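Heads up: the structure comes next, in structure tokens.
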There are 6 protein chains.
Amino acid sequence: MPNITVELLAGRTRAQRAEFARVVTEAVVDVLGAPRHLVRIRFTELAHDQLALGGELTEPPAPRADSV
Amino acid sequence: MPNITVELLAGRTRAQRAEFARVVTEAVVDVLGAPRHLVRIRFTELAHDQLALGGELTEPPAPRADSV
Amino acid sequence: MPNITVELLAGRTRAQRAEFARVVTEAVVDVLGAPRHLVRIRFTELAHDQLALGGELTEPPAPRADSV
Amino acid sequence: MPNITVELLAGRTRAQRAEFARVVTEAVVDVLGAPRHLVRIRFTELAHDQLALGGELTEPPAPRADSV
Amino acid sequence: MPNITVELLAGRTRAQRAEFARVVTEAVVDVLGAPRHLVRIRFTELAHDQLALGGELTEPPAPRADSV
Amino acid sequence: MPNITVELLAGRTRAQRAEFARVVTEAVVDVLGAPRHLVRIRFTELAHDQLALGGELTEPPAPRADSV
């Protein structure tokens with residue numbers, strides 16, 4: 001242990017996940033004192049219509065005008 | 001909080017998820033007394049062969065004769 | 001299925017959990033079309049210092065003056 | 001109950017999942033004494049870049065030389 | 001990996017959990033082909049009033065007449 | 001979102017959890033770009049005999065000789 005699960009809306013890059021995993025693992029070692037090799041971090045990426053906030057299914061962000 | 005996770009077999013429509021999220025959020029507010037904007041509901045949809053009931057992987061329903 | 005997990009801060013009564021389970025199960029049957037006997041709802045109640053919102057561990061509400 | 005969740009890297013066959021579900025269900029009945037029909041086993045299969053071990057996102061195994 | 005979570009009603013003995021963990025780990029190694037030392041099994045034991053089946057909170061079994 | 005769950009063996013102090021939550025929330029904001037107030041971190045602390053590693057239930061560390 002520990003096992004860490006990160007649930008978030010889909011859309012982050014591999015590089016973002018890699019950096020986040022690195023920083024969180026450092027914090028586990030430094031703050032919680034667990035050995036680095038035992039840290040497991042799992043990302044669960046949700047589509048917008050799999051998540052409801054305040055009773056409403058979330059919507060994907062509108063495409064930016066300049067990217068049309 | 002609260003965080004609510006709904007694990008179910010894939011196949012419901014977006015409209016069903018939206019209505020279910022609406023009704024459950026009302027119940028959280030009315031029965032559990034949590035503020036609406038803090039309610040998170042996450043749907044996890046499973047393929048049939050990712051779920052075993054009573055020791056057997058589930059099978060997708062056979063296509064209906066009239067729909068072939 | 002479905003399996004439903006409800007994570008919330010500790011403090012609700014048994015009666016609240018029972019009523020919430022009843023209402024959510026009705027919604028599963030009516031909106032998602034799953035059979036009643038297959039609906040499982042699990043409550044996970046958290047102590048305040050097991051939950052952090054916006055980077056801060058939550059604090060139990062201060063005892064009400066009239067209840068001191 | 002019980003509900004059993006199996007998180008693992010993607011890549012096992014349906015036959016492997018079916019056999020694993022069978023063996024684990026037997027163990028639930030024999031060792032934990034729960035009725036067979038109440039045992040639910042759910043598989044969650046992760047892509048390599050959704051899992052970090054020891055602070056590093058995992059990499060898919062290199063394709064075998066003889067399979068290139 | 002894999003990470004395995006076992007949710008069940010409280011009441012099993014330590015010996016039952018130990019034996020179940022042993023058997024399931026053997027199955028992971030034999031059937032899923034993962035290395036033994038990477039298998040993590042976590043037990044989550046629920047009180048009866050934290051679980052609802054078919055819309056009703058479960059009740060603890062009545063004490064046996066001969067044990068009163 | 002995101003929702004982050006941290007499963008670990010019981011025994012860390014409140015101060016450790018508070019500091020870990022602070023650091024991880026900073027990383028969510030800086031690396032994943034989610035707003036601070038939406039970050040939820042939940043700690044799940046396990047007793048030793050609720051966790052099996054490599055097929056064996058874990059044991060609490062032996063009390064230190066000088067503390068007997």
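Labeling convention for the structure tokens: chains A, B, ... as they appear, residues from 1 per chain, ligands from 1 in order of appearance.
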Neighbour list for Val6 of chain E as an mmCIF file with all heavy atoms, in the first residue's frame, cut-off 7 Å, only C-alpha atoms, skip fewer than 2 positions in-chain:
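To be explicit, this is the file written out as selection03.cif:
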data_model
loop_
_atom_site.group_PDB
_atom_site.id
_atom_site.type_symbol
_atom_site.label_atom_id
_atom_site.label_comp_id
_atom_site.auth_asym_id
_atom_site.auth_seq_id
_atom_site.Cartn_x
_atom_site.Cartn_y
_atom_site.Cartn_z
ATOM 1 N N PRO D 2 -21.076 -11.264 -1.249
ATOM 2 C CA PRO D 2 -20.143 -10.172 -1.398
ATOM 3 C C PRO D 2 -20.040 -9.610 -2.815
ATOM 4 O O PRO D 2 -20.430 -10.284 -3.770
ATOM 5 C CB PRO D 2 -18.822 -10.813 -0.984
ATOM 6 C CG PRO D 2 -18.983 -12.260 -1.300
ATOM 7 C CD PRO D 2 -20.430 -12.568 -1.154
ATOM 8 N N ASN D 3 -19.528 -8.405 -2.872
ATOM 9 C CA ASN D 3 -19.122 -7.760 -4.130
ATOM 10 C C ASN D 3 -17.597 -7.820 -4.184
ATOM 11 O O ASN D 3 -16.944 -7.379 -3.257
ATOM 12 C CB ASN D 3 -19.512 -6.286 -4.154
ATOM 13 C CG ASN D 3 -21.004 -6.071 -4.282
ATOM 14 O OD1 ASN D 3 -21.733 -6.934 -4.759
ATOM 15 N ND2 ASN D 3 -21.495 -4.907 -3.838
ATOM 16 N N ILE D 4 -17.086 -8.348 -5.285
ATOM 17 C CA ILE D 4 -15.624 -8.429 -5.431
ATOM 18 C C ILE D 4 -15.215 -7.657 -6.684
ATOM 19 O O ILE D 4 -15.797 -7.848 -7.750
ATOM 20 C CB ILE D 4 -15.170 -9.900 -5.518
ATOM 21 C CG1 ILE D 4 -15.528 -10.619 -4.206
ATOM 22 C CG2 ILE D 4 -13.680 -10.011 -5.827
ATOM 23 C CD1 ILE D 4 -15.203 -12.082 -4.175
ATOM 24 N N THR D 5 -14.249 -6.736 -6.536
ATOM 25 C CA THR D 5 -13.744 -5.973 -7.672
ATOM 26 C C THR D 5 -12.304 -6.375 -7.954
ATOM 27 O O THR D 5 -11.502 -6.475 -7.024
ATOM 28 C CB THR D 5 -13.798 -4.460 -7.360
ATOM 29 O OG1 THR D 5 -15.136 -4.098 -7.036
ATOM 30 C CG2 THR D 5 -13.322 -3.641 -8.545
ATOM 31 N N ILE E 4 -7.447 -6.370 -5.548
ATOM 32 C CA ILE E 4 -8.749 -7.021 -5.402
ATOM 33 C C ILE E 4 -9.426 -6.502 -4.129
ATOM 34 O O ILE E 4 -8.805 -6.468 -3.066
ATOM 35 C CB ILE E 4 -8.597 -8.549 -5.353
ATOM 36 C CG1 ILE E 4 -7.996 -9.048 -6.685
ATOM 37 C CG2 ILE E 4 -9.917 -9.239 -5.061
ATOM 38 C CD1 ILE E 4 -7.723 -10.518 -6.757
ATOM 39 N N LEU E 8 -17.998 -7.315 1.983
ATOM 40 C CA LEU E 8 -18.912 -8.332 2.523
ATOM 41 C C LEU E 8 -19.412 -7.885 3.893
ATOM 42 O O LEU E 8 -18.837 -6.998 4.525
ATOM 43 C CB LEU E 8 -18.195 -9.681 2.614
ATOM 44 C CG LEU E 8 -17.066 -9.927 3.587
ATOM 45 C CD1 LEU E 8 -16.585 -11.385 3.468
ATOM 46 C CD2 LEU E 8 -15.871 -9.006 3.442
ATOM 47 N N ARG E 42 -7.947 -6.588 -0.464
ATOM 48 C CA ARG E 42 -8.412 -5.725 0.637
ATOM 49 C C ARG E 42 -9.840 -6.116 1.004
ATOM 50 O O ARG E 42 -10.695 -6.267 0.138
ATOM 51 C CB ARG E 42 -8.377 -4.283 0.140
ATOM 52 C CG ARG E 42 -8.907 -3.320 1.143
ATOM 53 C CD ARG E 42 -9.421 -2.058 0.541
ATOM 54 N NE ARG E 42 -10.439 -1.557 1.473
ATOM 55 C CZ ARG E 42 -11.155 -0.506 1.262
ATOM 56 N NH1 ARG E 42 -11.031 0.160 0.119
ATOM 57 N NH2 ARG E 42 -12.026 -0.101 2.141
ATOM 58 N N PHE E 43 -10.096 -6.324 2.278
ATOM 59 C CA PHE E 43 -11.435 -6.682 2.758
ATOM 60 C C PHE E 43 -12.133 -5.422 3.294
ATOM 61 O O PHE E 43 -11.533 -4.665 4.065
ATOM 62 C CB PHE E 43 -11.344 -7.715 3.885
ATOM 63 C CG PHE E 43 -10.823 -9.053 3.435
ATOM 64 C CD1 PHE E 43 -9.458 -9.329 3.466
ATOM 65 C CD2 PHE E 43 -11.681 -10.029 2.957
ATOM 66 C CE1 PHE E 43 -8.969 -10.566 3.036
ATOM 67 C CE2 PHE E 43 -11.204 -11.261 2.528
ATOM 68 C CZ PHE E 43 -9.850 -11.518 2.566
ATOM 69 N N THR E 44 -13.380 -5.216 2.863
ATOM 70 C CA THR E 44 -14.197 -4.129 3.417
ATOM 71 C C THR E 44 -15.415 -4.772 4.069
ATOM 72 O O THR E 44 -16.239 -5.372 3.373
ATOM 73 C CB THR E 44 -14.669 -3.184 2.292
ATOM 74 O OG1 THR E 44 -13.554 -2.707 1.576
ATOM 75 C CG2 THR E 44 -15.465 -2.021 2.859
#
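Excluding segment 46-57 of chain B itself and same-chain residues fewer than 5 positions from it, the residues having an atom within 7 Å of it are Leu8, Leu9 and Ala10 of chain B; Arg14, Ala18, Ala21, Arg22, Thr25, Arg36, His37, Leu38, Val39, Arg40, Ile41, Arg42 and Phe43 of chain D, counting only C-alpha atoms.
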Written file, previous selection with C-alpha atoms, as an mmCIF file, in the first residue's frame:
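Result saved to selection-v8.cif:
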data_model
loop_
_atom_site.group_PDB
_atom_site.id
_atom_site.type_symbol
_atom_site.label_atom_id
_atom_site.label_comp_id
_atom_site.auth_asym_id
_atom_site.auth_seq_id
_atom_site.Cartn_x
_atom_site.Cartn_y
_atom_site.Cartn_z
ATOM 1 C CA LEU B 8 -24.383 -1.192 -13.898
ATOM 2 C CA LEU B 9 -24.317 -3.137 -17.127
ATOM 3 C CA ALA B 10 -23.826 -0.930 -20.188
ATOM 4 C CA ARG D 14 -12.443 -13.957 -21.636
ATOM 5 C CA ALA D 18 -14.388 -16.862 -16.665
ATOM 6 C CA ALA D 21 -14.584 -15.961 -11.562
ATOM 7 C CA ARG D 22 -15.438 -19.652 -11.181
ATOM 8 C CA THR D 25 -16.820 -17.945 -6.397
ATOM 9 C CA ARG D 36 -23.264 -18.738 -4.731
ATOM 10 C CA HIS D 37 -26.033 -16.737 -6.383
ATOM 11 C CA LEU D 38 -25.176 -13.636 -4.320
ATOM 12 C CA VAL D 39 -21.516 -13.491 -5.414
ATOM 13 C CA ARG D 40 -20.749 -10.597 -7.810
ATOM 14 C CA ILE D 41 -17.290 -10.260 -9.359
ATOM 15 C CA ARG D 42 -16.474 -7.213 -11.436
ATOM 16 C CA PHE D 43 -13.323 -6.862 -13.577
#
Please produce chain C as a PDB file with N, CA and C atoms, in the first residue's frame once it has been superposed on chain F, the fit using all Cα atoms paired in sequence order.
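Everything below was put into out.pdb:
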ATOM      1  N   MET C   1     -15.070  17.465  -9.826  1.00  0.00           N
ATOM      2  CA  MET C   1     -13.998  16.416  -9.821  1.00  0.00           C
ATOM      3  C   MET C   1     -12.699  17.157  -9.699  1.00  0.00           C
ATOM      4  N   PRO C   2     -11.551  16.505  -9.416  1.00  0.00           N
ATOM      5  CA  PRO C   2     -11.478  15.060  -9.248  1.00  0.00           C
ATOM      6  C   PRO C   2     -11.791  14.573  -7.847  1.00  0.00           C
ATOM      7  N   ASN C   3     -12.141  13.306  -7.788  1.00  0.00           N
ATOM      8  CA  ASN C   3     -12.262  12.578  -6.522  1.00  0.00           C
ATOM      9  C   ASN C   3     -11.015  11.711  -6.385  1.00  0.00           C
ATOM     10  N   ILE C   4     -10.329  11.827  -5.251  1.00  0.00           N
ATOM     11  CA  ILE C   4      -9.130  11.017  -5.033  1.00  0.00           C
ATOM     12  C   ILE C   4      -9.330  10.164  -3.783  1.00  0.00           C
ATOM     13  N   THR C   5      -9.106   8.855  -3.906  1.00  0.00           N
ATOM     14  CA  THR C   5      -9.237   7.952  -2.763  1.00  0.00           C
ATOM     15  C   THR C   5      -7.855   7.420  -2.402  1.00  0.00           C
ATOM     16  N   VAL C   6      -7.505   7.504  -1.147  1.00  0.00           N
ATOM     17  CA  VAL C   6      -6.194   7.039  -0.671  1.00  0.00           C
ATOM     18  C   VAL C   6      -6.421   5.883   0.299  1.00  0.00           C
ATOM     19  N   GLU C   7      -6.109   4.673  -0.136  1.00  0.00           N
ATOM     20  CA  GLU C   7      -6.245   3.479   0.710  1.00  0.00           C
ATOM     21  C   GLU C   7      -4.876   3.185   1.312  1.00  0.00           C
ATOM     22  N   LEU C   8      -4.797   3.102   2.637  1.00  0.00           N
ATOM     23  CA  LEU C   8      -3.502   2.820   3.265  1.00  0.00           C
ATOM     24  C   LEU C   8      -3.711   2.159   4.621  1.00  0.00           C
ATOM     25  N   LEU C   9      -2.664   1.543   5.131  1.00  0.00           N
ATOM     26  CA  LEU C   9      -2.759   0.917   6.442  1.00  0.00           C
ATOM     27  C   LEU C   9      -2.949   2.004   7.497  1.00  0.00           C
ATOM     28  N   ALA C  10      -3.786   1.715   8.491  1.00  0.00           N
ATOM     29  CA  ALA C  10      -4.053   2.689   9.549  1.00  0.00           C
ATOM     30  C   ALA C  10      -2.743   3.014  10.285  1.00  0.00           C
ATOM     31  N   GLY C  11      -2.731   4.221  10.916  1.00  0.00           N
ATOM     32  CA  GLY C  11      -1.571   4.550  11.737  1.00  0.00           C
ATOM     33  C   GLY C  11      -0.975   5.923  11.471  1.00  0.00           C
ATOM     34  N   ARG C  12      -1.371   6.591  10.330  1.00  0.00           N
ATOM     35  CA  ARG C  12      -0.826   7.934  10.133  1.00  0.00           C
ATOM     36  C   ARG C  12      -1.552   8.923  11.040  1.00  0.00           C
ATOM     37  N   THR C  13      -0.900  10.029  11.319  1.00  0.00           N
ATOM     38  CA  THR C  13      -1.502  11.048  12.188  1.00  0.00           C
ATOM     39  C   THR C  13      -2.397  11.962  11.356  1.00  0.00           C
ATOM     40  N   ARG C  14      -3.205  12.736  12.058  1.00  0.00           N
ATOM     41  CA  ARG C  14      -4.035  13.730  11.392  1.00  0.00           C
ATOM     42  C   ARG C  14      -3.148  14.738  10.649  1.00  0.00           C
ATOM     43  N   ALA C  15      -2.037  15.098  11.281  1.00  0.00           N
ATOM     44  CA  ALA C  15      -1.138  16.098  10.658  1.00  0.00           C
ATOM     45  C   ALA C  15      -0.591  15.558   9.330  1.00  0.00           C
ATOM     46  N   GLN C  16      -0.262  14.253   9.300  1.00  0.00           N
ATOM     47  CA  GLN C  16       0.243  13.665   8.040  1.00  0.00           C
ATOM     48  C   GLN C  16      -0.844  13.710   6.970  1.00  0.00           C
ATOM     49  N   ARG C  17      -2.081  13.352   7.358  1.00  0.00           N
ATOM     50  CA  ARG C  17      -3.163  13.372   6.356  1.00  0.00           C
ATOM     51  C   ARG C  17      -3.391  14.793   5.854  1.00  0.00           C
ATOM     52  N   ALA C  18      -3.354  15.768   6.780  1.00  0.00           N
ATOM     53  CA  ALA C  18      -3.596  17.165   6.392  1.00  0.00           C
ATOM     54  C   ALA C  18      -2.517  17.632   5.410  1.00  0.00           C
ATOM     55  N   GLU C  19      -1.257  17.334   5.715  1.00  0.00           N
ATOM     56  CA  GLU C  19      -0.162  17.766   4.830  1.00  0.00           C
ATOM     57  C   GLU C  19      -0.250  17.061   3.472  1.00  0.00           C
ATOM     58  N   PHE C  20      -0.562  15.770   3.505  1.00  0.00           N
ATOM     59  CA  PHE C  20      -0.650  15.026   2.235  1.00  0.00           C
ATOM     60  C   PHE C  20      -1.768  15.599   1.373  1.00  0.00           C
ATOM     61  N   ALA C  21      -2.918  15.897   2.011  1.00  0.00           N
ATOM     62  CA  ALA C  21      -4.053  16.473   1.266  1.00  0.00           C
ATOM     63  C   ALA C  21      -3.655  17.815   0.662  1.00  0.00           C
ATOM     64  N   ARG C  22      -2.894  18.617   1.417  1.00  0.00           N
ATOM     65  CA  ARG C  22      -2.467  19.931   0.919  1.00  0.00           C
ATOM     66  C   ARG C  22      -1.576  19.768  -0.321  1.00  0.00           C
ATOM     67  N   VAL C  23      -0.580  18.892  -0.224  1.00  0.00           N
ATOM     68  CA  VAL C  23       0.383  18.724  -1.331  1.00  0.00           C
ATOM     69  C   VAL C  23      -0.314  18.155  -2.577  1.00  0.00           C
ATOM     70  N   VAL C  24      -1.168  17.159  -2.385  1.00  0.00           N
ATOM     71  CA  VAL C  24      -1.840  16.529  -3.534  1.00  0.00           C
ATOM     72  C   VAL C  24      -2.798  17.525  -4.191  1.00  0.00           C
ATOM     73  N   THR C  25      -3.469  18.337  -3.383  1.00  0.00           N
ATOM     74  CA  THR C  25      -4.389  19.321  -3.963  1.00  0.00           C
ATOM     75  C   THR C  25      -3.618  20.360  -4.785  1.00  0.00           C
ATOM     76  N   GLU C  26      -2.438  20.773  -4.286  1.00  0.00           N
ATOM     77  CA  GLU C  26      -1.589  21.686  -5.069  1.00  0.00           C
ATOM     78  C   GLU C  26      -1.259  21.048  -6.424  1.00  0.00           C
ATOM     79  N   ALA C  27      -0.925  19.776  -6.395  1.00  0.00           N
ATOM     80  CA  ALA C  27      -0.541  19.086  -7.643  1.00  0.00           C
ATOM     81  C   ALA C  27      -1.729  18.984  -8.597  1.00  0.00           C
ATOM     82  N   VAL C  28      -2.928  18.783  -8.042  1.00  0.00           N
ATOM     83  CA  VAL C  28      -4.116  18.721  -8.914  1.00  0.00           C
ATOM     84  C   VAL C  28      -4.283  20.066  -9.618  1.00  0.00           C
ATOM     85  N   VAL C  29      -4.150  21.143  -8.838  1.00  0.00           N
ATOM     86  CA  VAL C  29      -4.330  22.489  -9.409  1.00  0.00           C
ATOM     87  C   VAL C  29      -3.217  22.780 -10.427  1.00  0.00           C
ATOM     88  N   ASP C  30      -1.967  22.536 -10.047  1.00  0.00           N
ATOM     89  CA  ASP C  30      -0.828  22.909 -10.896  1.00  0.00           C
ATOM     90  C   ASP C  30      -0.669  21.991 -12.112  1.00  0.00           C
ATOM     91  N   VAL C  31      -0.834  20.695 -11.917  1.00  0.00           N
ATOM     92  CA  VAL C  31      -0.516  19.729 -12.997  1.00  0.00           C
ATOM     93  C   VAL C  31      -1.765  19.350 -13.803  1.00  0.00           C
ATOM     94  N   LEU C  32      -2.887  19.133 -13.117  1.00  0.00           N
ATOM     95  CA  LEU C  32      -4.097  18.680 -13.834  1.00  0.00           C
ATOM     96  C   LEU C  32      -5.033  19.838 -14.163  1.00  0.00           C
ATOM     97  N   GLY C  33      -4.786  20.999 -13.563  1.00  0.00           N
ATOM     98  CA  GLY C  33      -5.547  22.194 -13.926  1.00  0.00           C
ATOM     99  C   GLY C  33      -6.984  22.200 -13.449  1.00  0.00           C
ATOM    100  N   ALA C  34      -7.307  21.451 -12.366  1.00  0.00           N
ATOM    101  CA  ALA C  34      -8.686  21.498 -11.848  1.00  0.00           C
ATOM    102  C   ALA C  34      -8.747  22.581 -10.760  1.00  0.00           C
ATOM    103  N   PRO C  35      -9.916  23.200 -10.592  1.00  0.00           N
ATOM    104  CA  PRO C  35     -10.037  24.239  -9.554  1.00  0.00           C
ATOM    105  C   PRO C  35      -9.910  23.630  -8.154  1.00  0.00           C
ATOM    106  N   ARG C  36      -9.241  24.334  -7.270  1.00  0.00           N
ATOM    107  CA  ARG C  36      -8.944  23.835  -5.913  1.00  0.00           C
ATOM    108  C   ARG C  36     -10.211  23.388  -5.167  1.00  0.00           C
ATOM    109  N   HIS C  37     -11.271  24.213  -5.264  1.00  0.00           N
ATOM    110  CA  HIS C  37     -12.452  23.938  -4.418  1.00  0.00           C
ATOM    111  C   HIS C  37     -13.189  22.661  -4.854  1.00  0.00           C
ATOM    112  N   LEU C  38     -12.848  22.133  -6.032  1.00  0.00           N
ATOM    113  CA  LEU C  38     -13.536  20.917  -6.502  1.00  0.00           C
ATOM    114  C   LEU C  38     -12.771  19.634  -6.144  1.00  0.00           C
ATOM    115  N   VAL C  39     -11.581  19.780  -5.529  1.00  0.00           N
ATOM    116  CA  VAL C  39     -10.763  18.600  -5.235  1.00  0.00           C
ATOM    117  C   VAL C  39     -11.256  17.932  -3.952  1.00  0.00           C
ATOM    118  N   ARG C  40     -11.594  16.650  -4.051  1.00  0.00           N
ATOM    119  CA  ARG C  40     -12.013  15.867  -2.864  1.00  0.00           C
ATOM    120  C   ARG C  40     -11.017  14.727  -2.669  1.00  0.00           C
ATOM    121  N   ILE C  41     -10.480  14.618  -1.474  1.00  0.00           N
ATOM    122  CA  ILE C  41      -9.547  13.532  -1.156  1.00  0.00           C
ATOM    123  C   ILE C  41     -10.097  12.758   0.035  1.00  0.00           C
ATOM    124  N   ARG C  42     -10.238  11.471  -0.160  1.00  0.00           N
ATOM    125  CA  ARG C  42     -10.827  10.642   0.894  1.00  0.00           C
ATOM    126  C   ARG C  42      -9.813   9.601   1.348  1.00  0.00           C
ATOM    127  N   PHE C  43      -9.578   9.469   2.637  1.00  0.00           N
ATOM    128  CA  PHE C  43      -8.644   8.483   3.185  1.00  0.00           C
ATOM    129  C   PHE C  43      -9.415   7.254   3.663  1.00  0.00           C
ATOM    130  N   THR C  44      -8.964   6.074   3.252  1.00  0.00           N
ATOM    131  CA  THR C  44      -9.524   4.814   3.755  1.00  0.00           C
ATOM    132  C   THR C  44      -8.400   4.090   4.480  1.00  0.00           C
ATOM    133  N   GLU C  45      -8.522   3.970   5.805  1.00  0.00           N
ATOM    134  CA  GLU C  45      -7.450   3.359   6.592  1.00  0.00           C
ATOM    135  C   GLU C  45      -7.814   1.927   6.942  1.00  0.00           C
ATOM    136  N   LEU C  46      -6.906   1.010   6.640  1.00  0.00           N
ATOM    137  CA  LEU C  46      -7.184  -0.424   6.806  1.00  0.00           C
ATOM    138  C   LEU C  46      -6.476  -0.977   8.041  1.00  0.00           C
ATOM    139  N   ALA C  47      -7.165  -1.879   8.744  1.00  0.00           N
ATOM    140  CA  ALA C  47      -6.494  -2.644   9.799  1.00  0.00           C
ATOM    141  C   ALA C  47      -5.617  -3.691   9.100  1.00  0.00           C
ATOM    142  N   HIS C  48      -4.563  -4.118   9.772  1.00  0.00           N
ATOM    143  CA  HIS C  48      -3.648  -5.075   9.137  1.00  0.00           C
ATOM    144  C   HIS C  48      -4.359  -6.322   8.634  1.00  0.00           C
ATOM    145  N   ASP C  49      -5.316  -6.809   9.430  1.00  0.00           N
ATOM    146  CA  ASP C  49      -5.917  -8.091   9.002  1.00  0.00           C
ATOM    147  C   ASP C  49      -7.059  -7.905   8.010  1.00  0.00           C
ATOM    148  N   GLN C  50      -7.165  -6.696   7.441  1.00  0.00           N
ATOM    149  CA  GLN C  50      -8.106  -6.479   6.332  1.00  0.00           C
ATOM    150  C   GLN C  50      -7.362  -6.404   5.001  1.00  0.00           C
ATOM    151  N   LEU C  51      -6.041  -6.619   5.063  1.00  0.00           N
ATOM    152  CA  LEU C  51      -5.217  -6.489   3.845  1.00  0.00           C
ATOM    153  C   LEU C  51      -4.322  -7.715   3.698  1.00  0.00           C
ATOM    154  N   ALA C  52      -4.316  -8.286   2.499  1.00  0.00           N
ATOM    155  CA  ALA C  52      -3.412  -9.409   2.210  1.00  0.00           C
ATOM    156  C   ALA C  52      -2.493  -9.003   1.063  1.00  0.00           C
ATOM    157  N   LEU C  53      -1.207  -9.232   1.244  1.00  0.00           N
ATOM    158  CA  LEU C  53      -0.196  -8.954   0.216  1.00  0.00           C
ATOM    159  C   LEU C  53       0.472 -10.281  -0.132  1.00  0.00           C
ATOM    160  N   GLY C  54       0.478 -10.619  -1.428  1.00  0.00           N
ATOM    161  CA  GLY C  54       1.109 -11.868  -1.840  1.00  0.00           C
ATOM    162  C   GLY C  54       0.476 -13.088  -1.202  1.00  0.00           C
ATOM    163  N   GLY C  55      -0.825 -12.984  -0.850  1.00  0.00           N
ATOM    164  CA  GLY C  55      -1.546 -14.157  -0.336  1.00  0.00           C
ATOM    165  C   GLY C  55      -1.546 -14.278   1.174  1.00  0.00           C
ATOM    166  N   GLU C  56      -0.880 -13.345   1.877  1.00  0.00           N
ATOM    167  CA  GLU C  56      -0.819 -13.428   3.339  1.00  0.00           C
ATOM    168  C   GLU C  56      -1.448 -12.180   3.976  1.00  0.00           C
ATOM    169  N   LEU C  57      -2.306 -12.380   4.978  1.00  0.00           N
ATOM    170  CA  LEU C  57      -2.815 -11.220   5.718  1.00  0.00           C
ATOM    171  C   LEU C  57      -1.627 -10.528   6.388  1.00  0.00           C
ATOM    172  N   THR C  58      -1.615  -9.197   6.368  1.00  0.00           N
ATOM    173  CA  THR C  58      -0.469  -8.487   6.944  1.00  0.00           C
ATOM    174  C   THR C  58      -0.581  -8.512   8.470  1.00  0.00           C
ATOM    175  N   GLU C  59       0.562  -8.326   9.111  1.00  0.00           N
ATOM    176  CA  GLU C  59       0.632  -8.349  10.578  1.00  0.00           C
ATOM    177  C   GLU C  59       1.016  -6.959  11.071  1.00  0.00           C
ATOM    178  N   PRO C  60       0.463  -6.510  12.198  1.00  0.00           N
ATOM    179  CA  PRO C  60       0.922  -5.237  12.748  1.00  0.00           C
ATOM    180  C   PRO C  60       2.408  -5.352  13.120  1.00  0.00           C
ATOM    181  N   PRO C  61       3.153  -4.242  12.994  1.00  0.00           N
ATOM    182  CA  PRO C  61       4.573  -4.292  13.360  1.00  0.00           C
ATOM    183  C   PRO C  61       4.727  -4.665  14.839  1.00  0.00           C
ATOM    184  N   ALA C  62       5.743  -5.455  15.169  1.00  0.00           N
ATOM    185  CA  ALA C  62       5.984  -5.833  16.570  1.00  0.00           C
ATOM    186  C   ALA C  62       6.265  -4.565  17.375  1.00  0.00           C
ATOM    187  N   PRO C  63       5.736  -4.454  18.647  1.00  0.00           N
ATOM    188  CA  PRO C  63       6.028  -3.261  19.462  1.00  0.00           C
ATOM    189  C   PRO C  63       7.530  -3.142  19.686  1.00  0.00           C
ATOM    190  N   ARG C  64       8.115  -1.893  19.594  1.00  0.00           N
ATOM    191  CA  ARG C  64       9.577  -1.704  19.734  1.00  0.00           C
ATOM    192  C   ARG C  64      10.000  -2.029  21.162  1.00  0.00           C
ATOM    193  N   ALA C  65      11.134  -2.691  21.312  1.00  0.00           N
ATOM    194  CA  ALA C  65      11.602  -3.164  22.640  1.00  0.00           C
ATOM    195  C   ALA C  65      11.587  -2.005  23.625  1.00  0.00           C
ATOM    196  N   ASP C  66      12.092  -0.801  23.231  1.00  0.00           N
ATOM    197  CA  ASP C  66      12.216   0.304  24.189  1.00  0.00           C
ATOM    198  C   ASP C  66      10.844   0.890  24.559  1.00  0.00           C
ATOM    199  N   SER C  67       9.821   0.460  23.864  1.00  0.00           N
ATOM    200  CA  SER C  67       8.498   1.061  24.179  1.00  0.00           C
ATOM    201  C   SER C  67       7.688   0.105  25.047  1.00  0.00           C
ATOM    202  N   VAL C  68       8.317  -1.054  25.446  1.00  0.00           N
ATOM    203  CA  VAL C  68       7.538  -2.040  26.228  1.00  0.00           C
ATOM    204  C   VAL C  68       7.384  -1.550  27.685  1.00  0.00           C
TER     205      VAL C  68
END
Where in chain B does DSSP assign alpha helix (DSSP H), given as a ChimeraX atom specification?
/B:14-27
